[in-house]
Every structure is written in structure tokens, then in C-alpha cells.
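Worksheet for the structure shown next.
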Amino acid sequence: MNKWLKAELDYWKSQRSQALATLDLYFNNSVGIGEHSNISKEIHDWTSKLSEATENLQNLRTYFLDDGKVKNVKSLLND
């Protein structure tokens, strides 16, 4: 696998894992919630981070081959 592509995939997987862990803490552990006065905003922020990471992972997997080359450029340009 292309090293730059792997680095990006690893980065976004890490961001997704961090968001999931944080949201799990907020939803299931009252100790973690007590640290923040505006829990709703925190949940919104971490949900946005989760969405961003998930979307970026999907885009990288959709548009790039393992060697880092764009998948079927002609069909992508016709969309």
C-alpha cells in the first residue's frame, strides 16, 4: 500500500476511534460527563468529528487504489 495513503487512512481511523471513545464515555459514564458544563455542545462537536473521519475514510477508499492512484479517472470525471 502507498505509504501516504496508509498514513491518511491510519490518521482518520485514529480520529474515528477517538470520537467513538469520547462519545461512549459521555453516553455511558457519568464521571466523564461531570467534567463539562455544556455536554450537549461536546456531544455535537464529537459527533461532527466522527462524521468527518468516517466520510474521509470512505472517500479515500472510494476514490483511491492501494497504490495511491485514482480509481477509474474517466468514470469519476463523468459523474
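Ordering of the C-alpha cells sets the chain letters (A, B, ...), residue numbers begin anew at 1 in every chain, and ligands are numbered from 1 in the order given.
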
Residue contacts of range 2-12 of chain A (10 Å, only C-alpha atoms) excluding same-chain residues fewer than 4 positions away, as a CSV table (one decimal) with C-alpha atoms, in the first residue's frame:
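As a result, around.csv now contains:
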chain,number,residue,atom,x,y,z
A,16,ARG,CA,-12.8,8.0,14.4
A,17,SER,CA,-11.6,5.8,17.3
A,18,GLN,CA,-11.1,8.9,19.5
A,49,LYS,CA,-15.5,14.8,14.3
A,50,LEU,CA,-16.9,11.2,14.0
A,52,GLU,CA,-15.7,13.9,9.3
A,53,ALA,CA,-13.4,10.9,10.0
A,54,THR,CA,-16.0,8.4,8.6
A,55,GLU,CA,-16.6,10.5,5.5
A,56,ASN,CA,-12.9,11.0,4.8
A,57,LEU,CA,-12.2,7.3,5.2
A,58,GLN,CA,-15.0,6.4,2.8
A,60,LEU,CA,-10.2,7.7,0.4
A,61,ARG,CA,-11.4,4.1,0.0
A,64,PHE,CA,-8.0,5.6,-4.5
A,65,LEU,CA,-6.4,2.3,-5.1
A,66,ASP,CA,-4.0,0.8,-2.6
A,67,ASP,CA,-1.1,2.1,-4.7
A,68,GLY,CA,-2.4,5.7,-4.3
A,69,LYS,CA,-3.6,6.0,-7.8

Considering only C-alpha atoms, return as a PDB file with N, CA and C atoms, in the first residue's frame whatever protein or nucleic-acid residues lie within 12 Å of Ala21 in chain A, sequence-local ones (same chain, fewer than 3 positions apart) excluded.
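And here's out.pdb as it stands now:
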ATOM      1  N   SER A  14      -7.751   6.729  13.449  1.00  0.00           N
ATOM      2  CA  SER A  14      -7.445   7.185  14.807  1.00  0.00           C
ATOM      3  C   SER A  14      -8.440   8.250  15.264  1.00  0.00           C
ATOM      4  N   GLN A  15      -8.754   9.182  14.385  1.00  0.00           N
ATOM      5  CA  GLN A  15      -9.721  10.233  14.714  1.00  0.00           C
ATOM      6  C   GLN A  15     -11.097   9.627  14.991  1.00  0.00           C
ATOM      7  N   ARG A  16     -11.478   8.643  14.176  1.00  0.00           N
ATOM      8  CA  ARG A  16     -12.762   7.967  14.373  1.00  0.00           C
ATOM      9  C   ARG A  16     -12.786   7.241  15.722  1.00  0.00           C
ATOM     10  N   SER A  17     -11.708   6.539  16.040  1.00  0.00           N
ATOM     11  CA  SER A  17     -11.629   5.809  17.309  1.00  0.00           C
ATOM     12  C   SER A  17     -11.709   6.754  18.504  1.00  0.00           C
ATOM     13  N   GLN A  18     -11.027   7.885  18.407  1.00  0.00           N
ATOM     14  CA  GLN A  18     -11.057   8.858  19.488  1.00  0.00           C
ATOM     15  C   GLN A  18     -12.474   9.414  19.681  1.00  0.00           C
ATOM     16  N   ASP A  24     -18.745   7.430  23.666  1.00  0.00           N
ATOM     17  CA  ASP A  24     -19.101   6.327  24.559  1.00  0.00           C
ATOM     18  C   ASP A  24     -18.970   6.765  26.021  1.00  0.00           C
ATOM     19  N   LEU A  25     -17.913   7.478  26.311  1.00  0.00           N
ATOM     20  CA  LEU A  25     -17.707   7.985  27.670  1.00  0.00           C
ATOM     21  C   LEU A  25     -18.837   8.921  28.081  1.00  0.00           C
ATOM     22  N   TYR A  26     -19.183   9.862  27.202  1.00  0.00           N
ATOM     23  CA  TYR A  26     -20.245  10.813  27.524  1.00  0.00           C
ATOM     24  C   TYR A  26     -21.596  10.124  27.707  1.00  0.00           C
ATOM     25  N   PHE A  27     -21.884   9.140  26.864  1.00  0.00           N
ATOM     26  CA  PHE A  27     -23.188   8.481  26.930  1.00  0.00           C
ATOM     27  C   PHE A  27     -23.291   7.463  28.066  1.00  0.00           C
ATOM     28  N   ASN A  28     -22.172   6.900  28.487  1.00  0.00           N
ATOM     29  CA  ASN A  28     -22.238   5.758  29.402  1.00  0.00           C
ATOM     30  C   ASN A  28     -21.481   5.907  30.713  1.00  0.00           C
ATOM     31  N   ASN A  29     -20.841   7.052  30.950  1.00  0.00           N
ATOM     32  CA  ASN A  29     -20.052   7.197  32.162  1.00  0.00           C
ATOM     33  C   ASN A  29     -20.307   8.577  32.766  1.00  0.00           C
ATOM     34  N   GLY A  32     -17.322  11.072  33.395  1.00  0.00           N
ATOM     35  CA  GLY A  32     -16.818  11.844  32.251  1.00  0.00           C
ATOM     36  C   GLY A  32     -17.687  13.027  31.921  1.00  0.00           C
ATOM     37  N   ILE A  43     -21.062  16.828  22.822  1.00  0.00           N
ATOM     38  CA  ILE A  43     -21.568  15.703  22.029  1.00  0.00           C
ATOM     39  C   ILE A  43     -21.703  16.104  20.566  1.00  0.00           C
ATOM     40  N   TRP A  46     -18.112  16.229  19.046  1.00  0.00           N
ATOM     41  CA  TRP A  46     -17.519  14.900  18.829  1.00  0.00           C
ATOM     42  C   TRP A  46     -18.277  14.119  17.763  1.00  0.00           C
ATOM     43  N   THR A  47     -19.577  14.351  17.639  1.00  0.00           N
ATOM     44  CA  THR A  47     -20.332  13.707  16.566  1.00  0.00           C
ATOM     45  C   THR A  47     -19.878  14.241  15.215  1.00  0.00           C
ATOM     46  N   LYS A  49     -16.873  15.376  14.560  1.00  0.00           N
ATOM     47  CA  LYS A  49     -15.548  14.792  14.323  1.00  0.00           C
ATOM     48  C   LYS A  49     -15.679  13.353  13.841  1.00  0.00           C
ATOM     49  N   LEU A  50     -16.617  12.617  14.400  1.00  0.00           N
ATOM     50  CA  LEU A  50     -16.864  11.248  13.966  1.00  0.00           C
ATOM     51  C   LEU A  50     -17.335  11.217  12.513  1.00  0.00           C
TER      52      LEU A  50
END

Of the listed residues A:Glu42, A:Asn78, A:Val70, A:Met1, that which approaches Leu23 in chain A most closely, counting only C-alpha atoms:
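Closest candidate: A:Glu42.
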
Write out as a VMD selection string all residues of chain A that backbone DSSP assigns to alpha helix (DSSP H).
chain A and resid 3 to 28 30 to 33 39 to 63 73 to 78

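The shortest atom-to-atom distance to Lys13 in chain A, with only C-alpha atoms taken into account, belongs to A:Ser51 out of A:Thr62, A:Lys71, A:Ser51, A:His44.
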